[in-house]
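Structure data follow from query_0.cif (mmCIF, C-alpha atoms):
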```cif
data_work
loop_
_atom_site.label_atom_id
_atom_site.label_comp_id
_atom_site.auth_asym_id
_atom_site.auth_seq_id
_atom_site.Cartn_x
_atom_site.Cartn_y
_atom_site.Cartn_z
CA MET Z 1 -37.24 10.68 50.65
CA LYS Z 2 -34.20 12.45 52.07
CA ASN Z 3 -32.76 9.17 53.34
CA ARG Z 4 -33.17 7.57 49.97
CA TYR Z 5 -31.47 10.53 48.26
CA VAL Z 6 -28.50 10.62 50.64
CA ALA Z 7 -28.08 6.85 50.50
CA THR Z 8 -28.02 6.96 46.69
CA VAL Z 9 -25.32 9.62 46.73
CA LEU Z 10 -23.26 7.79 49.34
CA CYS Z 11 -23.23 4.39 47.70
CA SER Z 12 -20.98 5.62 44.91
CA ILE Z 13 -18.59 7.67 47.03
CA PRO Z 14 -15.28 6.26 48.34
CA GLU Z 15 -15.81 4.67 51.73
CA ASN Z 16 -13.41 6.92 53.65
CA ARG Z 17 -15.36 10.04 52.66
CA ARG Z 18 -18.80 8.59 53.25
CA SER Z 19 -19.63 9.41 56.85
CA ASP Z 20 -18.42 12.99 56.55
CA VAL Z 21 -20.35 13.64 53.34
CA ASP Z 22 -23.34 11.96 54.95
CA ARG Z 23 -23.40 14.34 57.92
CA GLU Z 24 -22.71 17.44 55.87
CA LEU Z 25 -25.22 16.65 53.15
CA ARG Z 26 -27.97 15.89 55.65
CA ALA Z 27 -27.31 19.10 57.53
CA ALA Z 28 -27.32 21.10 54.30
CA ILE Z 29 -30.58 19.52 53.16
CA ASP Z 30 -32.19 20.18 56.55
CA ASP Z 31 -31.01 23.79 56.45
CA ALA Z 32 -32.44 24.26 52.97
CA ILE Z 33 -35.78 22.68 53.91
CA GLU Z 34 -35.98 24.82 57.01
CA ALA Z 35 -35.39 27.95 54.95
CA LYS Z 36 -38.11 26.96 52.47
CA VAL Z 37 -40.58 26.34 55.30
CA GLU Z 38 -39.76 29.72 56.80
CA GLN Z 39 -40.58 31.24 53.44
CA GLY Z 40 -44.01 29.68 53.80
CA GLU Z 41 -43.73 26.44 51.87
CA GLN Z 42 -45.34 23.22 53.09
CA PRO Z 43 -42.76 20.93 54.78
CA SER Z 44 -43.68 18.06 52.47
CA THR Z 45 -43.23 20.01 49.24
CA ALA Z 46 -40.17 21.81 50.64
CA GLU Z 47 -38.27 18.52 50.82
CA THR Z 48 -39.20 17.67 47.25
CA THR Z 49 -38.09 21.11 46.01
CA VAL Z 50 -34.76 20.99 47.83
CA LEU Z 51 -33.88 17.47 46.66
CA THR Z 52 -34.95 18.25 43.10
CA ASP Z 53 -32.71 21.33 43.12
CA LEU Z 54 -29.76 19.21 44.23
CA GLY Z 55 -30.24 17.19 41.05
CA ASP Z 56 -29.25 13.71 39.96
CA PRO Z 57 -27.56 11.97 42.92
CA ALA Z 58 -25.20 10.14 40.56
CA LEU Z 59 -23.97 13.49 39.25
CA LEU Z 60 -23.46 14.83 42.75
CA ALA Z 61 -21.64 11.67 43.82
CA ALA Z 62 -19.31 11.87 40.81
CA ASP Z 63 -18.55 15.47 41.69
CA TYR Z 64 -17.86 14.54 45.33
CA SER Z 65 -15.46 11.77 44.40
CA ASP Z 66 -13.77 13.57 41.46
CA ARG Z 67 -14.89 10.92 39.04
CA PRO Z 68 -15.00 11.97 35.38
CA LEU Z 69 -18.40 11.91 33.72
CA TYR Z 70 -16.94 10.72 30.44
CA LEU Z 71 -15.45 7.44 29.26
CA ILE Z 72 -12.22 8.84 27.78
CA GLY Z 73 -11.27 12.46 28.31
CA PRO Z 74 -9.25 14.88 26.19
CA ARG Z 75 -5.97 13.66 27.72
CA PHE Z 76 -6.40 10.16 26.29
CA TYR Z 77 -8.85 10.62 23.45
CA LEU Z 78 -6.31 11.13 20.65
CA PRO Z 79 -3.85 8.43 21.81
CA TRP Z 80 -6.83 6.10 22.07
CA LEU Z 81 -8.05 6.99 18.59
CA ARG Z 82 -4.60 6.61 17.02
CA LEU Z 83 -3.82 3.33 18.71
CA MET Z 84 -7.21 1.93 17.78
CA ARG Z 85 -6.81 2.97 14.15
CA LYS Z 86 -3.41 1.30 13.97
CA LEU Z 87 -4.62 -1.89 15.60
CA LEU Z 88 -7.77 -2.01 13.48
CA ALA Z 89 -5.73 -1.64 10.33
CA VAL Z 90 -3.65 -4.70 11.14
CA ILE Z 91 -5.14 -7.15 13.60
CA PRO Z 92 -8.53 -8.01 12.04
CA MET Z 93 -6.89 -8.52 8.64
CA LEU Z 94 -4.17 -10.76 10.09
CA ALA Z 95 -6.65 -12.75 12.15
CA GLY Z 96 -8.93 -13.16 9.15
CA MET Z 97 -6.09 -14.31 6.93
CA VAL Z 98 -4.81 -16.80 9.48
CA SER Z 99 -8.30 -18.15 10.03
CA THR Z 100 -8.92 -18.52 6.29
CA LEU Z 101 -5.63 -20.39 5.94
CA VAL Z 102 -6.46 -22.67 8.86
CA HIS Z 103 -9.87 -23.39 7.31
CA LEU Z 104 -8.25 -24.23 4.00
CA VAL Z 105 -5.55 -26.41 5.55
CA THR Z 106 -8.11 -28.35 7.57
CA GLY Z 107 -10.01 -29.12 4.41
CA ALA Z 108 -12.88 -26.62 4.38
CA GLY Z 109 -14.35 -25.39 1.11
CA LEU Z 110 -13.28 -22.02 -0.35
CA ILE Z 111 -16.56 -20.22 0.48
CA GLU Z 112 -16.57 -21.63 3.99
CA ALA Z 113 -12.95 -20.58 4.50
CA ILE Z 114 -13.62 -17.02 3.31
CA LEU Z 115 -16.76 -16.67 5.46
CA GLY Z 116 -14.89 -18.11 8.44
CA GLY Z 117 -12.08 -15.62 7.87
CA LEU Z 118 -14.51 -12.69 7.66
CA TRP Z 119 -16.21 -13.79 10.87
CA THR Z 120 -12.87 -14.07 12.68
CA ALA Z 121 -11.85 -10.63 11.37
CA LEU Z 122 -15.11 -9.15 12.71
CA LEU Z 123 -14.59 -10.79 16.11
CA ALA Z 124 -11.00 -9.51 16.20
CA ALA Z 125 -12.17 -5.97 15.36
CA VAL Z 126 -14.78 -6.04 18.15
CA ASN Z 127 -12.16 -7.31 20.58
CA VAL Z 128 -9.69 -4.59 19.61
CA VAL Z 129 -12.31 -1.88 20.16
CA VAL Z 130 -13.55 -3.27 23.46
CA TRP Z 131 -10.17 -3.89 25.07
CA THR Z 132 -8.40 -0.69 24.00
CA THR Z 133 -11.41 1.38 25.06
CA LEU Z 134 -11.62 -0.45 28.36
CA GLY Z 135 -7.91 0.04 29.01
CA PHE Z 136 -8.01 3.76 28.35
CA ALA Z 137 -11.26 4.20 30.30
CA MET Z 138 -9.61 2.51 33.31
CA ALA Z 139 -6.49 4.64 32.98
CA GLU Z 140 -8.74 7.72 32.96
CA ARG Z 141 -9.89 6.67 36.45
CA ASP Z 142 -6.68 5.28 37.89
CA ASP Z 143 -3.55 7.39 38.29
CA ALA Z 144 -1.20 4.40 38.43
CA MET Z 145 -2.52 3.09 35.13
CA ALA Z 146 -2.38 6.57 33.65
CA ALA Z 147 1.33 6.66 34.53
CA ASP Z 148 1.78 3.29 32.80
CA LEU Z 149 0.23 4.72 29.67
CA GLU Z 150 2.52 7.74 29.73
CA PRO Z 151 5.03 6.43 27.17
CA LEU Z 152 2.16 5.78 24.82
CA THR Z 153 0.69 9.26 25.24
CA LYS Z 154 4.18 10.76 24.92
CA ARG Z 155 4.85 8.93 21.70
CA ALA Z 156 1.49 10.02 20.40
CA GLN Z 157 2.36 13.59 21.26
CA TRP Z 158 2.03 15.89 18.34
CA SER Z 159 4.97 17.44 16.58
CA LEU Z 160 5.45 19.10 13.21
CA ASP Z 161 7.03 15.91 11.82
CA ARG Z 162 3.69 14.21 12.11
CA LEU Z 163 2.09 16.43 9.47
CA PRO Z 164 1.09 14.26 6.52
CA ARG Z 165 3.02 15.06 3.33
CA LEU Z 166 0.75 16.96 0.99
CA PRO Z 167 1.56 15.26 -2.35
CA ASP Z 168 1.07 11.82 -0.83
CA ARG Z 169 -2.55 12.53 -0.35
CA GLN Z 170 -3.30 12.17 -4.05
CA PHE Z 171 -2.75 8.43 -3.83
CA ARG Z 172 -3.80 6.93 -0.57
CA PRO Z 173 -1.41 4.01 0.02
CA GLY Z 174 -4.35 1.81 1.02
CA GLU Z 175 -6.13 2.45 -2.27
CA VAL Z 176 -3.05 1.81 -4.38
CA ILE Z 177 -2.19 -1.37 -2.51
CA GLY Z 178 -5.81 -2.47 -2.94
CA SER Z 179 -5.67 -2.05 -6.70
CA ILE Z 180 -2.27 -3.78 -6.82
CA VAL Z 181 -3.80 -6.76 -5.06
CA VAL Z 182 -6.80 -6.76 -7.44
CA THR Z 183 -4.54 -6.52 -10.50
CA ALA Z 184 -2.33 -9.33 -9.20
CA VAL Z 185 -5.34 -11.54 -8.55
CA LEU Z 186 -6.68 -10.83 -12.05
CA PHE Z 187 -3.25 -11.68 -13.43
CA ILE Z 188 -3.28 -15.04 -11.67
CA VAL Z 189 -6.86 -15.77 -12.73
CA VAL Z 190 -6.15 -14.92 -16.37
CA PHE Z 191 -2.94 -16.94 -16.23
CA ASN Z 192 -4.93 -19.95 -15.08
CA VAL Z 193 -7.71 -19.74 -17.66
CA GLN Z 194 -5.40 -19.97 -20.62
CA ASN Z 195 -5.98 -23.69 -20.92
CA VAL Z 196 -9.73 -23.58 -20.34
CA THR Z 197 -11.92 -23.72 -23.40
CA PHE Z 198 -15.03 -21.60 -23.69
CA PRO Z 199 -17.81 -21.68 -26.24
CA PHE Z 200 -17.61 -19.26 -29.22
CA VAL Z 201 -13.88 -19.01 -28.78
CA ASN Z 202 -11.60 -18.35 -31.69
CA THR Z 203 -9.04 -20.96 -30.71
CA ASP Z 204 -6.36 -19.67 -33.08
CA ALA Z 205 -6.18 -16.31 -31.38
CA TRP Z 206 -6.82 -17.44 -27.81
CA ASP Z 207 -3.22 -17.80 -26.65
CA ARG Z 208 -2.18 -14.55 -28.28
CA GLY Z 209 -5.13 -12.70 -26.65
CA ILE Z 210 -4.33 -14.10 -23.22
CA ALA Z 211 -0.69 -13.15 -23.60
CA LEU Z 212 -1.67 -9.60 -24.58
CA LEU Z 213 -3.99 -9.32 -21.58
CA LEU Z 214 -1.27 -10.61 -19.26
CA GLY Z 215 1.08 -8.03 -20.71
CA LEU Z 216 -1.44 -5.24 -20.10
CA LEU Z 217 -2.08 -6.40 -16.53
CA GLY Z 218 1.65 -6.55 -15.88
CA PHE Z 219 2.04 -3.03 -17.23
CA SER Z 220 -0.73 -1.69 -15.03
CA LEU Z 221 0.85 -3.43 -12.04
CA LEU Z 222 4.05 -1.48 -12.77
CA LEU Z 223 1.97 1.67 -13.08
CA GLU Z 224 0.40 1.18 -9.64
CA LEU Z 225 3.82 0.53 -8.12
CA SER Z 226 5.19 3.74 -9.61
CA LYS Z 227 2.13 5.58 -8.24
CA LEU Z 228 3.25 4.44 -4.79
CA HIS Z 229 6.76 5.62 -5.53
CA VAL Z 230 6.01 9.00 -7.14
CA GLY Z 231 3.15 9.88 -4.80
CA GLN Z 232 1.26 12.23 -7.07
CA TRP Z 233 0.06 12.55 -10.65
CA SER Z 234 2.59 13.82 -13.15
CA TYR Z 235 2.38 14.09 -16.96
CA PRO Z 236 4.50 10.94 -17.58
CA LEU Z 237 2.41 9.01 -15.08
CA ALA Z 238 -0.89 10.29 -16.51
CA GLY Z 239 0.39 9.49 -19.99
CA ALA Z 240 1.32 5.95 -18.99
CA ASN Z 241 -2.04 5.60 -17.28
CA ALA Z 242 -3.82 6.76 -20.46
CA ALA Z 243 -1.74 4.32 -22.52
CA VAL Z 244 -2.66 1.39 -20.28
CA ASN Z 245 -6.32 2.36 -20.44
CA LEU Z 246 -6.16 2.74 -24.20
CA GLY Z 247 -4.54 -0.71 -24.34
CA PHE Z 248 -7.33 -2.29 -22.26
CA ALA Z 249 -10.05 -0.57 -24.30
CA ALA Z 250 -8.42 -1.67 -27.56
CA TRP Z 251 -7.98 -5.21 -26.26
CA TRP Z 252 -11.69 -5.50 -25.41
CA VAL Z 253 -12.79 -4.04 -28.73
CA TRP Z 254 -10.47 -6.41 -30.54
CA ALA Z 255 -11.32 -9.48 -28.38
CA LEU Z 256 -15.08 -9.17 -28.42
CA GLY Z 257 -15.13 -7.69 -31.91
CA GLY Z 258 -13.80 -10.88 -33.39
CA GLY Z 259 -10.25 -11.23 -32.19
CA MET Z 260 -10.92 -13.91 -29.63
CA ILE Z 261 -14.61 -14.53 -30.11
CA ASN Z 262 -16.00 -16.26 -33.13
CA VAL Z 263 -18.38 -13.52 -34.22
CA ASP Z 264 -20.10 -15.66 -36.79
CA ASP Z 265 -21.15 -18.22 -34.16
CA LEU Z 266 -22.21 -15.47 -31.81
CA ALA Z 267 -24.32 -13.76 -34.48
CA ALA Z 268 -26.91 -16.50 -34.14
CA TYR Z 269 -27.74 -15.19 -30.66
CA ASP Z 270 -28.92 -11.59 -30.72
CA SER Z 271 -28.88 -11.09 -26.96
CA LEU Z 272 -25.31 -12.33 -26.65
CA THR Z 273 -24.13 -10.00 -29.41
CA VAL Z 274 -25.84 -7.08 -27.75
CA SER Z 275 -24.40 -7.85 -24.33
CA ALA Z 276 -20.93 -8.32 -25.80
CA TRP Z 277 -21.02 -4.85 -27.37
CA LEU Z 278 -22.60 -3.39 -24.21
CA THR Z 279 -19.68 -4.80 -22.24
CA VAL Z 280 -17.23 -3.24 -24.65
CA ALA Z 281 -19.01 0.12 -24.46
CA ILE Z 282 -18.98 0.14 -20.65
CA ILE Z 283 -15.33 -0.87 -20.47
CA VAL Z 284 -14.29 1.76 -23.00
CA ALA Z 285 -16.21 4.40 -21.04
CA ILE Z 286 -14.47 3.36 -17.80
CA CYS Z 287 -11.06 3.44 -19.50
CA ILE Z 288 -11.68 6.95 -20.89
CA TRP Z 289 -12.83 8.16 -17.47
CA ASP Z 290 -9.78 6.66 -15.76
CA ALA Z 291 -7.40 8.17 -18.33
CA TYR Z 292 -9.07 11.57 -17.86
CA LYS Z 293 -8.70 11.27 -14.06
CA GLY Z 294 -4.93 11.06 -14.48
CA PHE Z 295 -4.69 14.34 -16.41
CA ALA Z 296 -7.15 16.05 -14.07
CA GLY Z 297 -4.90 14.87 -11.23
CA VAL Z 298 -1.86 16.52 -12.83
CA ARG Z 299 -3.65 19.86 -12.87
CA ARG Z 300 -4.56 19.52 -9.18
CA ALA Z 301 -1.05 18.39 -8.25
CA THR Z 302 0.72 21.33 -9.88
CA THR Z 303 -1.64 24.05 -8.60
CA MET L 1 -17.09 52.17 19.96
CA MET L 2 -19.20 51.98 23.09
CA LEU L 3 -20.67 48.61 23.93
CA CYS L 4 -24.03 50.00 24.82
CA ASN L 5 -25.37 51.32 21.58
CA ALA L 6 -29.02 50.51 21.13
CA GLN L 7 -27.82 47.94 18.64
CA TYR L 8 -25.77 46.06 21.21
CA CYS L 9 -28.16 46.34 24.11
CA ARG L 10 -30.64 43.92 22.63
CA PHE L 11 -29.82 40.62 24.27
CA ASP L 12 -32.10 38.56 22.10
CA MET L 13 -29.71 38.23 19.19
CA VAL L 14 -27.95 35.21 20.72
CA GLU L 15 -29.58 31.88 21.48
CA PRO L 16 -30.45 31.67 25.19
CA GLU L 17 -28.60 28.37 25.47
CA LEU L 18 -25.39 29.75 23.97
CA ARG L 19 -25.69 32.84 26.12
CA ALA L 20 -26.00 30.70 29.25
CA THR L 21 -23.01 28.55 28.28
CA LEU L 22 -20.77 31.54 27.58
CA ARG L 23 -21.66 33.25 30.82
CA GLN L 24 -21.15 30.06 32.77
CA GLU L 25 -17.73 29.54 31.22
CA LEU L 26 -16.69 33.07 32.05
CA ARG L 27 -17.79 32.71 35.65
CA ARG L 28 -16.51 29.22 36.30
CA GLY L 29 -12.99 30.11 37.34
CA SER L 30 -14.07 33.02 39.49
CA VAL L 31 -16.05 30.86 41.92
CA VAL L 32 -12.88 29.50 43.53
CA LEU L 33 -11.55 32.99 44.10
CA VAL L 34 -14.87 34.19 45.51
CA CYS L 35 -14.98 31.20 47.90
CA LEU L 36 -11.42 31.72 49.10
CA LEU L 37 -12.15 35.38 49.78
CA ALA L 38 -15.54 34.75 51.39
CA LEU L 39 -14.21 31.98 53.64
CA ARG L 40 -11.75 34.24 55.38
CA GLU L 41 -14.81 34.37 57.66
CA PRO L 42 -15.57 30.71 58.54
CA ASP L 43 -18.87 29.53 57.11
CA TYR L 44 -20.73 26.29 56.35
CA GLY L 45 -21.88 25.10 52.96
CA TYR L 46 -25.53 26.04 52.97
CA ALA L 47 -24.87 29.48 54.49
CA LEU L 48 -22.14 30.12 51.92
CA VAL L 49 -24.58 29.48 49.06
CA ASN L 50 -26.83 32.17 50.53
CA THR L 51 -23.97 34.56 51.20
CA LEU L 52 -22.78 34.27 47.63
CA GLU L 53 -26.30 34.66 46.30
CA LYS L 54 -26.81 37.85 48.29
CA ALA L 55 -23.51 39.13 46.90
CA GLY L 56 -24.78 38.47 43.38
CA VAL L 57 -22.89 35.24 42.60
CA GLU L 58 -25.20 32.54 41.35
CA THR L 59 -23.90 29.16 42.48
CA ASP L 60 -25.71 25.88 42.71
CA ALA L 61 -25.49 24.01 45.97
CA ASN L 62 -24.68 20.84 44.08
CA THR L 63 -21.51 22.33 42.62
CA LEU L 64 -20.47 24.31 45.69
CA TYR L 65 -20.46 21.43 48.21
CA PRO L 66 -18.12 19.22 46.19
CA LEU L 67 -16.00 22.30 45.39
CA LEU L 68 -15.49 23.02 49.09
CA ARG L 69 -14.27 19.47 49.64
CA ARG L 70 -11.92 19.72 46.70
CA LEU L 71 -10.45 22.95 48.08
CA GLU L 72 -10.07 21.19 51.42
CA ARG L 73 -8.17 18.29 49.85
CA GLN L 74 -5.96 20.79 48.07
CA GLY L 75 -5.23 22.41 51.43
CA LEU L 76 -6.67 25.78 50.46
CA VAL L 77 -9.42 25.65 53.07
CA SER L 78 -9.64 23.80 56.37
CA SER L 79 -12.76 22.50 58.01
CA GLU L 80 -14.11 22.00 61.47
CA TRP L 81 -17.30 20.42 62.76
CA ILE L 82 -19.13 22.72 65.13
CA THR L 83 -21.86 21.07 67.13
CA GLU L 84 -23.14 24.08 69.02
CA ASP L 85 -25.54 25.16 66.29
CA PRO L 86 -29.07 23.74 66.21
CA ARG L 87 -27.51 20.96 64.16
CA PRO L 88 -23.87 19.99 63.65
CA ARG L 89 -22.31 21.90 60.73
CA LYS L 90 -19.03 21.70 58.94
CA TYR L 91 -17.39 25.10 58.88
CA TYR L 92 -14.79 25.90 56.26
CA ARG L 93 -12.11 28.54 56.57
CA THR L 94 -9.46 29.73 54.12
CA THR L 95 -5.98 28.55 55.13
CA ASP L 96 -2.74 30.51 54.74
CA ALA L 97 -2.08 28.61 51.53
CA GLY L 98 -5.57 29.52 50.40
CA THR L 99 -4.91 33.20 51.13
CA GLU L 100 -1.72 33.02 49.11
CA VAL L 101 -3.56 31.44 46.17
CA ALA L 102 -6.32 34.02 46.49
CA GLY L 103 -3.68 36.74 46.22
CA LEU L 104 -2.27 35.19 43.05
CA LEU L 105 -5.71 34.81 41.53
CA LEU L 106 -6.59 38.39 42.46
CA ASP L 107 -3.51 39.66 40.61
CA ASP L 108 -4.56 37.68 37.56
CA TRP L 109 -8.09 38.90 37.93
CA SER L 110 -7.06 42.54 37.90
CA ALA L 111 -4.70 41.92 35.00
CA ILE L 112 -7.55 40.37 33.00
CA SER L 113 -9.90 43.13 33.95
CA GLY L 114 -7.28 45.71 32.92
CA THR L 115 -6.87 44.01 29.57
CA ILE L 116 -10.61 43.93 29.03
CA GLU L 117 -10.91 47.61 29.94
CA HIS L 118 -8.03 48.41 27.58
CA PHE L 119 -9.81 46.82 24.63
CA ARG L 120 -13.27 47.99 25.65
CA THR L 121 -12.13 51.58 25.48
CA GLY L 122 -10.67 51.06 22.04
CA GLY L 123 -7.04 50.42 23.00
CA ASN L 124 -6.40 48.31 19.91
CA LYS L 125 -6.58 51.37 17.64
#
```

For this file, write the structure as structure tokens.
Amino acid sequence: MKNRYVATVLCSIPENRRSDVDRELRAAIDDAIEAKVEQGEQPSTAETTVLTDLGDPALLAADYSDRPLYLIGPRFYLPWLRLMRKLLAVIPMLAGMVSTLVHLVTGAGLIEAILGGLWTALLAAVNVVVWTTLGFAMAERDDAMAADLEPLTKRAQWSLDRLPRLPDRQFRPGEVIGSIVVTAVLFIVVFNVQNVTFPFVNTDAWDRGIALLLGLLGFSLLLELSKLHVGQWSYPLAGANAAVNLGFAAWWVWALGGGMINVDDLAAYDSLTVSAWLTVAIIVAICIWDAYKGFAGVRRATT
Amino acid sequence: MMLCNAQYCRFDMVEPELRATLRQELRRGSVVLVCLLALREPDYGYALVNTLEKAGVETDANTLYPLLRRLERQGLVSSEWITEDPRPRKYYRTTDAGTEVAGLLLDDWSAISGTIEHFRTGGNK
């Protein structure tokens, strides 16, 4: 039993320390067993007690060879976290976009291209996590590598300048950019459906309705951009936001209430009429909520 | 305020686990100082565990043995194999550098203990 214990400890200790640790550990174990036997314990159980007290051999070996018992310690944890966040924000998205483009260029269908892009983005994310973690974990165990990482840890060093600006936190740039992208996509989609004909459509008013919608979308795009610029809710911004929402709500009421849809045709189908008005109700509710959020934001920003 | 009112002498108000952690943290740094002082008389690992235990310092063998080697690498203790005993044993002894460090740590220790005494006796009033 003792031989197995000592051998387990030794196999994960640097070679140049092995023979010395071997001799010392054996002597110490023998001493401890001897003392137990003198106290009246059976030799066989004494060995078990002593070895159990010494604990997990892997733990002891790590202690003997000054190896950390963690993957990334406090020295590197924050640099690791910051670097990984930065890389994860950029690389998977880039990889996914490139892959989607390549799929499209090589003649794949739209769905296939998007799925392919998502898959590539996922793979890229996994790779980022694995390799950064591996690098830092190795540096934690290797002084030369730790020295190589020094500029990185220095740059990640904290200073007062790194404090996030308080007002900026009302609009997270990611969120605003996200809604800009969505608005722009909607704009393009709407722009492209102007020549498509749908059933129940009031053809006279169609072009005018589309133009109005495009105008509203353009206005809300401007609004999002100024959110980025101003950074927090203010009364003019909340007012503009309420105006845009009012515009959207009014557009939907007008469009589905007869402006763009031929209500007389639609009246023959009860379920369609109901769902049209349900849509209007939901959209109006969302617009009111969003307008209210702006004014609530002003109160939070000024306090 | 004295620390030993009946109210404060009940030690069951704190979770045993937390209590153990706090005590361990407080003692951790003192083990090095105790070793450096104890090893002014050369001793080997297993005997040192017993010596410390008799003196009221609870140390586990599995932390003390690696600690002795670390102190040796840092040059604060030196070691020598002595084969005259019933079995060969590695004796450690505090070096001059170790004595110097022990002196520094002792100064800190008494400063800390002075501070604690100052606040214990209500010095912050």

Got a sec to resolve the PyMOL selection byres ((chain Z) within 7 of (chain L)) on this structure and send the residues as a list in words?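 With the shown file as input, the PyMOL selection byres ((chain Z) within 7 of (chain L)) matches Glu24, Ala27, Ala28, Asp31, Leu54, Leu60, Asp63 and Tyr64 of chain Z.
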
Which residues are near range 75-92 of chain Z? Cut-off 10 Å, all atoms listed in the file, ignore same chain within fewer than 2 positions. Put them as a PDB file with C-alpha atoms, in the coordinates of the input.
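Result written to result.pdb:
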```pdb
ATOM      1  CA  LEU Z  71     -15.450   7.440  29.260  1.00  0.00           C
ATOM      2  CA  ILE Z  72     -12.220   8.840  27.780  1.00  0.00           C
ATOM      3  CA  GLY Z  73     -11.270  12.460  28.310  1.00  0.00           C
ATOM      4  CA  LEU Z  94      -4.170 -10.760  10.090  1.00  0.00           C
ATOM      5  CA  ALA Z  95      -6.650 -12.750  12.150  1.00  0.00           C
ATOM      6  CA  GLY Z  96      -8.930 -13.160   9.150  1.00  0.00           C
ATOM      7  CA  MET Z  97      -6.090 -14.310   6.930  1.00  0.00           C
ATOM      8  CA  VAL Z  98      -4.810 -16.800   9.480  1.00  0.00           C
ATOM      9  CA  GLY Z 117     -12.080 -15.620   7.870  1.00  0.00           C
ATOM     10  CA  LEU Z 118     -14.510 -12.690   7.660  1.00  0.00           C
ATOM     11  CA  TRP Z 119     -16.210 -13.790  10.870  1.00  0.00           C
ATOM     12  CA  THR Z 120     -12.870 -14.070  12.680  1.00  0.00           C
ATOM     13  CA  ALA Z 121     -11.850 -10.630  11.370  1.00  0.00           C
ATOM     14  CA  LEU Z 122     -15.110  -9.150  12.710  1.00  0.00           C
ATOM     15  CA  LEU Z 123     -14.590 -10.790  16.110  1.00  0.00           C
ATOM     16  CA  ALA Z 124     -11.000  -9.510  16.200  1.00  0.00           C
ATOM     17  CA  ALA Z 125     -12.170  -5.970  15.360  1.00  0.00           C
ATOM     18  CA  VAL Z 126     -14.780  -6.040  18.150  1.00  0.00           C
ATOM     19  CA  ASN Z 127     -12.160  -7.310  20.580  1.00  0.00           C
ATOM     20  CA  VAL Z 128      -9.690  -4.590  19.610  1.00  0.00           C
ATOM     21  CA  VAL Z 129     -12.310  -1.880  20.160  1.00  0.00           C
ATOM     22  CA  VAL Z 130     -13.550  -3.270  23.460  1.00  0.00           C
ATOM     23  CA  TRP Z 131     -10.170  -3.890  25.070  1.00  0.00           C
ATOM     24  CA  THR Z 132      -8.400  -0.690  24.000  1.00  0.00           C
ATOM     25  CA  THR Z 133     -11.410   1.380  25.060  1.00  0.00           C
ATOM     26  CA  GLY Z 135      -7.910   0.040  29.010  1.00  0.00           C
ATOM     27  CA  PHE Z 136      -8.010   3.760  28.350  1.00  0.00           C
ATOM     28  CA  ALA Z 137     -11.260   4.200  30.300  1.00  0.00           C
ATOM     29  CA  ALA Z 139      -6.490   4.640  32.980  1.00  0.00           C
ATOM     30  CA  GLU Z 140      -8.740   7.720  32.960  1.00  0.00           C
ATOM     31  CA  ALA Z 146      -2.380   6.570  33.650  1.00  0.00           C
ATOM     32  CA  LEU Z 149       0.230   4.720  29.670  1.00  0.00           C
ATOM     33  CA  GLU Z 150       2.520   7.740  29.730  1.00  0.00           C
ATOM     34  CA  LEU Z 152       2.160   5.780  24.820  1.00  0.00           C
ATOM     35  CA  THR Z 153       0.690   9.260  25.240  1.00  0.00           C
ATOM     36  CA  LYS Z 154       4.180  10.760  24.920  1.00  0.00           C
ATOM     37  CA  ARG Z 155       4.850   8.930  21.700  1.00  0.00           C
ATOM     38  CA  ALA Z 156       1.490  10.020  20.400  1.00  0.00           C
ATOM     39  CA  GLN Z 157       2.360  13.590  21.260  1.00  0.00           C
ATOM     40  CA  TRP Z 158       2.030  15.890  18.340  1.00  0.00           C
TER      41      TRP Z 158
END
```

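Residues matched by the PyMOL selection byres ((chain L and resi 74-79) around 7) in this file are Arg70, Leu71, Glu72, Arg73, Glu80, Trp81, Lys90, Tyr91, Tyr92, Arg93, Thr94, Thr95, Ala97 and Gly98 of chain L.
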
Apply the PyMOL selection byres ((chain L and resi 30-39) around 7) to the file shown and report the selected residues as a PyMOL selection string. chain L and resi 27-29+40-43+92-94+98-99+102+105

Let's have the selection written as a PDB file, in the frame of the given file, with C-alpha atoms.
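Below is the file result.pdb, written as the result:
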```pdb
ATOM      1  CA  ARG L  27     -17.790  32.710  35.650  1.00  0.00           C
ATOM      2  CA  ARG L  28     -16.510  29.220  36.300  1.00  0.00           C
ATOM      3  CA  GLY L  29     -12.990  30.110  37.340  1.00  0.00           C
ATOM      4  CA  ARG L  40     -11.750  34.240  55.380  1.00  0.00           C
ATOM      5  CA  GLU L  41     -14.810  34.370  57.660  1.00  0.00           C
ATOM      6  CA  PRO L  42     -15.570  30.710  58.540  1.00  0.00           C
ATOM      7  CA  ASP L  43     -18.870  29.530  57.110  1.00  0.00           C
ATOM      8  CA  TYR L  92     -14.790  25.900  56.260  1.00  0.00           C
ATOM      9  CA  ARG L  93     -12.110  28.540  56.570  1.00  0.00           C
ATOM     10  CA  THR L  94      -9.460  29.730  54.120  1.00  0.00           C
ATOM     11  CA  GLY L  98      -5.570  29.520  50.400  1.00  0.00           C
ATOM     12  CA  THR L  99      -4.910  33.200  51.130  1.00  0.00           C
ATOM     13  CA  ALA L 102      -6.320  34.020  46.490  1.00  0.00           C
ATOM     14  CA  LEU L 105      -5.710  34.810  41.530  1.00  0.00           C
TER      15      LEU L 105
END
```

As lines of an AutoDock Vina configuration file, please: the centre and edge lengths in Å, to one decimal, of an axis-aligned box enclosing every listed atom of range 14-31 of chain Z with 5 Å added on each side.
```
center_x = -22.8
center_y = 14.2
center_z = 53.1
size_x = 28.8
size_y = 29.1
size_z = 19.6
```

So how many Å separate CA of Leu216 in chain Z and CA of Val190 in chain Z, to one decimal?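 According to the coordinates, CA of Leu216 in chain Z and CA of Val190 in chain Z are separated by 11.4 Å.
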